[in-house]
Amino acid sequence: MAGCVSTRPIEPQIAAVSTDFSAVQRAEVSLSSFDFEPRNLQLAAGVPVELVFTNVSDSGHNFAAAEFFAAAQIRAEDADLVRNGLIELRGGRGVSIFLVPVAGTYDVDCTHLGHSALGMKGTIVVN
Ligand SMILES: [Cu+2]
């Protein structure tokens, strides 16, 4: 609505069309009940990466890293995969997302009730 001041949802930044995603680093993360494997991701700053998320459990989980996704430049066609700073995956599902990470240390967790306390939390270190 015009003139309506509201809290804006975190919207992904879209990578420039010229970004070369053909020679990417690749990192895989599996989600299970109740863990991320690996819990700590290391990525090279400024280098395009394909992040491959697989939910190997039968229940829903997510990979919530609002600050990481907000800082990154996400490939245009993948931007819809990130909603409110997280990637939600039903049991048995997987997705790939291409982005250019920005240097920093970011928290990750699963926002489903109680899951982070049970072990679904970690970090992404980009340097
Ligand atoms: Cu979970």
# chains A, B, ... in the order shown; residues from 1 in each chain; ligands from 1
call {"tool": "residues_around", "arguments": {"residues": "Asp20 (chain A)", "least_positions_apart": "2", "cutoff": "12 Å", "atoms": "only C-alpha atoms", "output": "list in words"}}
result
Ala15, Ala16, Val17, Ser18, Ser22, Ala23, Val24, Gln25, Gly46, Val47, Pro48, Val49, Glu50, Ile74, Arg75, Phe98, Leu99 and Val100 of chain A
call {"tool": "write_last_selection", "arguments": {"atoms": "all heavy atoms", "output": "tab-separated table (two decimals), in the first residue's frame"}}
result
chain	number	residue	atom	x	y	z
A	15	ALA	N	21.53	-11.28	-7.55
A	15	ALA	CA	22.85	-11.16	-8.16
A	15	ALA	C	22.74	-10.54	-9.55
A	15	ALA	O	21.75	-10.74	-10.25
A	15	ALA	CB	23.50	-12.54	-8.26
A	16	ALA	N	23.77	-9.79	-9.93
A	16	ALA	CA	23.81	-9.20	-11.26
A	16	ALA	C	23.75	-10.31	-12.31
A	16	ALA	O	24.28	-11.40	-12.11
A	16	ALA	CB	25.09	-8.39	-11.44
A	17	VAL	N	23.11	-9.99	-13.42
A	17	VAL	CA	22.96	-10.97	-14.50
A	17	VAL	C	24.33	-11.46	-14.97
A	17	VAL	O	24.49	-12.59	-15.42
A	17	VAL	CB	22.18	-10.34	-15.68
A	17	VAL	CG1	22.07	-11.32	-16.85
A	17	VAL	CG2	20.80	-9.91	-15.22
A	18	SER	N	25.34	-10.60	-14.85
A	18	SER	CA	26.68	-10.94	-15.33
A	18	SER	C	27.42	-11.91	-14.40
A	18	SER	O	28.49	-12.39	-14.74
A	18	SER	CB	27.50	-9.66	-15.48
A	18	SER	OG	27.57	-8.98	-14.23
A	22	SER	N	28.96	-20.52	-13.34
A	22	SER	CA	29.32	-21.79	-13.98
A	22	SER	C	30.46	-22.50	-13.27
A	22	SER	O	30.54	-23.72	-13.31
A	22	SER	CB	29.65	-21.55	-15.45
A	22	SER	OG	30.79	-20.72	-15.56
A	23	ALA	N	31.35	-21.74	-12.64
A	23	ALA	CA	32.50	-22.38	-11.96
A	23	ALA	C	32.39	-22.10	-10.47
A	23	ALA	O	33.09	-21.27	-9.92
A	23	ALA	CB	33.80	-21.84	-12.51
A	24	VAL	N	31.48	-22.80	-9.85
A	24	VAL	CA	31.15	-22.47	-8.47
A	24	VAL	C	31.80	-23.41	-7.48
A	24	VAL	O	32.17	-24.53	-7.81
A	24	VAL	CB	29.62	-22.53	-8.24
A	24	VAL	CG1	28.92	-21.43	-9.00
A	24	VAL	CG2	29.08	-23.88	-8.63
A	25	GLN	N	31.95	-22.93	-6.25
A	25	GLN	CA	32.22	-23.84	-5.16
A	25	GLN	C	30.88	-24.50	-4.83
A	25	GLN	O	29.81	-23.98	-5.15
A	25	GLN	CB	32.81	-23.12	-3.94
A	25	GLN	CG	32.07	-21.86	-3.52
A	25	GLN	CD	32.69	-21.15	-2.31
A	25	GLN	OE1	33.43	-21.71	-1.50
A	25	GLN	NE2	32.39	-19.86	-2.17
A	46	GLY	N	32.76	-13.89	-1.70
A	46	GLY	CA	32.75	-13.34	-3.04
A	46	GLY	C	32.81	-14.35	-4.16
A	46	GLY	O	32.81	-13.98	-5.33
A	47	VAL	N	32.89	-15.63	-3.82
A	47	VAL	CA	32.96	-16.69	-4.82
A	47	VAL	C	31.58	-17.35	-4.92
A	47	VAL	O	31.05	-17.83	-3.91
A	47	VAL	CB	34.02	-17.75	-4.45
A	47	VAL	CG1	34.07	-18.85	-5.50
A	47	VAL	CG2	35.38	-17.10	-4.26
A	48	PRO	N	31.00	-17.37	-6.11
A	48	PRO	CA	29.68	-18.01	-6.24
A	48	PRO	C	29.70	-19.44	-5.71
A	48	PRO	O	30.68	-20.17	-5.91
A	48	PRO	CB	29.43	-17.98	-7.75
A	48	PRO	CG	30.21	-16.82	-8.24
A	48	PRO	CD	31.45	-16.80	-7.39
A	49	VAL	N	28.63	-19.81	-5.04
A	49	VAL	CA	28.54	-21.16	-4.46
A	49	VAL	C	27.18	-21.76	-4.78
A	49	VAL	O	26.17	-21.05	-4.82
A	49	VAL	CB	28.79	-21.12	-2.93
A	49	VAL	CG1	27.77	-20.25	-2.21
A	49	VAL	CG2	28.80	-22.52	-2.33
A	50	GLU	N	27.20	-23.06	-5.02
A	50	GLU	CA	25.95	-23.81	-5.08
A	50	GLU	C	25.77	-24.48	-3.73
A	50	GLU	O	26.59	-25.30	-3.32
A	50	GLU	CB	26.00	-24.89	-6.17
A	50	GLU	CG	24.72	-25.72	-6.20
A	50	GLU	CD	24.76	-26.86	-7.21
A	50	GLU	OE1	25.84	-27.16	-7.75
A	50	GLU	OE2	23.69	-27.47	-7.43
A	74	ILE	N	21.81	-13.40	-4.41
A	74	ILE	CA	21.21	-14.68	-4.80
A	74	ILE	C	20.88	-14.68	-6.28
A	74	ILE	O	20.39	-13.67	-6.82
A	74	ILE	CB	19.96	-14.94	-3.94
A	74	ILE	CG1	20.36	-14.99	-2.46
A	74	ILE	CG2	19.26	-16.23	-4.37
A	74	ILE	CD1	19.22	-15.14	-1.50
A	75	ARG	N	21.14	-15.80	-6.94
A	75	ARG	CA	20.80	-15.92	-8.35
A	75	ARG	C	19.29	-15.70	-8.52
A	75	ARG	O	18.48	-16.24	-7.76
A	75	ARG	CB	21.19	-17.32	-8.85
A	75	ARG	CG	21.12	-17.47	-10.37
A	75	ARG	CD	21.68	-18.80	-10.82
A	75	ARG	NE	20.81	-19.91	-10.43
A	75	ARG	CZ	20.88	-21.14	-10.96
A	75	ARG	NH1	21.81	-21.42	-11.85
A	75	ARG	NH2	20.06	-22.09	-10.56
A	98	PHE	N	21.92	-21.03	-5.74
A	98	PHE	CA	23.19	-20.42	-6.12
A	98	PHE	C	23.23	-18.99	-5.58
A	98	PHE	O	22.26	-18.24	-5.76
A	98	PHE	CB	23.35	-20.36	-7.64
A	98	PHE	CG	23.54	-21.71	-8.29
A	98	PHE	CD1	22.48	-22.57	-8.46
A	98	PHE	CD2	24.80	-22.10	-8.73
A	98	PHE	CE1	22.66	-23.81	-9.07
A	98	PHE	CE2	25.00	-23.33	-9.35
A	98	PHE	CZ	23.93	-24.19	-9.51
A	99	LEU	N	24.34	-18.65	-4.92
A	99	LEU	CA	24.48	-17.29	-4.42
A	99	LEU	C	25.95	-16.94	-4.28
A	99	LEU	O	26.82	-17.80	-4.37
A	99	LEU	CB	23.74	-17.12	-3.08
A	99	LEU	CG	24.03	-18.09	-1.93
A	99	LEU	CD1	25.34	-17.76	-1.24
A	99	LEU	CD2	22.92	-18.07	-0.90
A	100	VAL	N	26.18	-15.63	-4.06
A	100	VAL	CA	27.53	-15.14	-3.80
A	100	VAL	C	27.56	-14.69	-2.34
A	100	VAL	O	26.88	-13.72	-1.97
A	100	VAL	CB	27.90	-13.96	-4.72
A	100	VAL	CG1	29.33	-13.50	-4.45
A	100	VAL	CG2	27.71	-14.34	-6.19
call {"tool": "select_by_dssp", "arguments": {"residues": "chain A", "states": "helix (DSSP H, G or I)", "output": "ChimeraX atom specification"}}
result
/A:66-71,76-81
call {"tool": "residues_near_ligand", "arguments": {"ligand": "ligand 1", "cutoff": "9 Å", "atoms": "only C-alpha atoms and all ligand atoms", "output": "list in words"}}
result
Leu31, Ser32, Ser33, Phe34, Asp35, Phe36, Ser59, Gly60, His61, Asn62, Phe63, Asp109, Cys110, Thr111, His112, Leu113, Gly114, His115, Ser116, Leu118, Gly119 and Met120 of chain A
call {"tool": "write_last_selection", "arguments": {"atoms": "N, CA, C and O atoms", "output": "mmCIF file, in the first residue's frame"}}
result
data_model
loop_
_atom_site.group_PDB
_atom_site.id
_atom_site.type_symbol
_atom_site.label_atom_id
_atom_site.label_comp_id
_atom_site.auth_asym_id
_atom_site.auth_seq_id
_atom_site.Cartn_x
_atom_site.Cartn_y
_atom_site.Cartn_z
ATOM 1 N N LEU A 31 19.776 -31.994 6.357
ATOM 2 C CA LEU A 31 18.957 -31.681 7.524
ATOM 3 C C LEU A 31 18.315 -32.980 7.988
ATOM 4 O O LEU A 31 17.811 -33.759 7.165
ATOM 5 N N SER A 32 18.381 -33.213 9.289
ATOM 6 C CA SER A 32 17.776 -34.429 9.826
ATOM 7 C C SER A 32 17.147 -34.086 11.166
ATOM 8 O O SER A 32 17.228 -32.957 11.623
ATOM 9 N N SER A 33 16.538 -35.057 11.805
ATOM 10 C CA SER A 33 15.931 -34.830 13.125
ATOM 11 C C SER A 33 16.927 -35.303 14.186
ATOM 12 O O SER A 33 17.027 -36.496 14.404
ATOM 13 N N PHE A 34 17.731 -34.452 14.805
ATOM 14 C CA PHE A 34 17.660 -32.987 14.751
ATOM 15 C C PHE A 34 19.093 -32.471 14.608
ATOM 16 O O PHE A 34 19.743 -32.206 15.601
ATOM 17 N N ASP A 35 19.508 -32.356 13.376
ATOM 18 C CA ASP A 35 20.899 -31.983 13.155
ATOM 19 C C ASP A 35 21.066 -31.359 11.769
ATOM 20 O O ASP A 35 20.248 -31.590 10.881
ATOM 21 N N PHE A 36 22.133 -30.584 11.646
ATOM 22 C CA PHE A 36 22.630 -30.175 10.338
ATOM 23 C C PHE A 36 23.960 -30.877 10.135
ATOM 24 O O PHE A 36 24.752 -31.000 11.071
ATOM 25 N N SER A 59 10.315 -35.573 8.398
ATOM 26 C CA SER A 59 9.557 -34.414 8.869
ATOM 27 C C SER A 59 10.137 -33.117 8.335
ATOM 28 O O SER A 59 11.262 -33.076 7.847
ATOM 29 N N GLY A 60 9.345 -32.068 8.455
ATOM 30 C CA GLY A 60 9.751 -30.771 7.940
ATOM 31 C C GLY A 60 10.832 -30.128 8.791
ATOM 32 O O GLY A 60 10.816 -30.232 10.027
ATOM 33 N N HIS A 61 11.768 -29.480 8.105
ATOM 34 C CA HIS A 61 12.826 -28.712 8.773
ATOM 35 C C HIS A 61 13.121 -27.499 7.917
ATOM 36 O O HIS A 61 12.732 -27.432 6.757
ATOM 37 N N ASN A 62 13.862 -26.557 8.515
ATOM 38 C CA ASN A 62 14.328 -25.452 7.691
ATOM 39 C C ASN A 62 15.751 -25.078 8.033
ATOM 40 O O ASN A 62 16.301 -25.485 9.059
ATOM 41 N N PHE A 63 16.316 -24.311 7.110
ATOM 42 C CA PHE A 63 17.670 -23.770 7.257
ATOM 43 C C PHE A 63 17.478 -22.272 7.329
ATOM 44 O O PHE A 63 17.235 -21.615 6.317
ATOM 45 N N ASP A 109 19.876 -21.797 12.219
ATOM 46 C CA ASP A 109 19.126 -22.751 13.026
ATOM 47 C C ASP A 109 17.899 -23.215 12.256
ATOM 48 O O ASP A 109 17.664 -22.793 11.122
ATOM 49 N N CYS A 110 17.178 -24.142 12.854
ATOM 50 C CA CYS A 110 15.881 -24.558 12.344
ATOM 51 C C CYS A 110 14.861 -23.926 13.274
ATOM 52 O O CYS A 110 14.948 -24.072 14.491
ATOM 53 N N THR A 111 13.901 -23.197 12.679
ATOM 54 C CA THR A 111 12.963 -22.442 13.519
ATOM 55 C C THR A 111 11.757 -23.262 13.965
ATOM 56 O O THR A 111 10.887 -22.744 14.666
ATOM 57 N N HIS A 112 11.667 -24.514 13.568
ATOM 58 C CA HIS A 112 10.568 -25.336 14.067
ATOM 59 C C HIS A 112 10.710 -25.465 15.587
ATOM 60 O O HIS A 112 11.831 -25.571 16.099
ATOM 61 N N LEU A 113 9.583 -25.460 16.263
ATOM 62 C CA LEU A 113 9.576 -25.382 17.717
ATOM 63 C C LEU A 113 10.460 -26.456 18.349
ATOM 64 O O LEU A 113 10.243 -27.654 18.144
ATOM 65 N N GLY A 114 11.446 -25.979 19.111
ATOM 66 C CA GLY A 114 12.302 -26.888 19.869
ATOM 67 C C GLY A 114 13.457 -27.503 19.111
ATOM 68 O O GLY A 114 14.347 -28.095 19.721
ATOM 69 N N HIS A 115 13.482 -27.351 17.785
ATOM 70 C CA HIS A 115 14.506 -28.065 17.021
ATOM 71 C C HIS A 115 15.920 -27.553 17.262
ATOM 72 O O HIS A 115 16.864 -28.346 17.294
ATOM 73 N N SER A 116 16.080 -26.233 17.424
ATOM 74 C CA SER A 116 17.448 -25.738 17.636
ATOM 75 C C SER A 116 17.981 -26.231 18.978
ATOM 76 O O SER A 116 19.155 -26.580 19.091
ATOM 77 N N LEU A 118 17.377 -28.982 20.266
ATOM 78 C CA LEU A 118 17.712 -30.400 20.116
ATOM 79 C C LEU A 118 18.956 -30.616 19.260
ATOM 80 O O LEU A 118 19.392 -31.755 19.062
ATOM 81 N N GLY A 119 19.488 -29.543 18.694
ATOM 82 C CA GLY A 119 20.740 -29.688 17.953
ATOM 83 C C GLY A 119 20.777 -29.027 16.594
ATOM 84 O O GLY A 119 21.817 -29.009 15.953
ATOM 85 N N MET A 120 19.634 -28.505 16.135
ATOM 86 C CA MET A 120 19.628 -27.917 14.795
ATOM 87 C C MET A 120 20.071 -26.463 14.847
ATOM 88 O O MET A 120 19.269 -25.523 14.681
#
call {"tool": "closest_residue", "arguments": {"among": "A:Thr105, A:Phe21, A:Asp78, A:Ala70", "to": "Leu41 (chain A)", "atoms": "only C-alpha atoms"}}
result
A:Thr105
call {"tool": "residues_around", "arguments": {"residues": "Gln13 (chain A)", "least_positions_apart": "4", "cutoff": "12 Å", "atoms": "only C-alpha atoms", "output": "list in words"}}
result
Glu67, Phe68, Phe69, Ala70, Ala71, Ala72, Gln73, Ile74, Arg75, Ala76, Glu77, Asp78, Ala79, Asp80, Val82, Gly85, Leu99, Val100, Pro101 and Val102 of chain A
call {"tool": "residues_around", "arguments": {"residues": "Ala103 (chain A)", "least_positions_apart": "4", "cutoff": "7 Å", "atoms": "only C-alpha atoms", "output": "list in words"}}
result
Ala45, Val126 and Asn127 of chain A
call {"tool": "closest_residue", "arguments": {"among": "A:Phe53, A:Arg26, A:Glu37, A:Ala117", "to": "Ile87 (chain A)", "atoms": "only C-alpha atoms"}}
result
A:Phe53
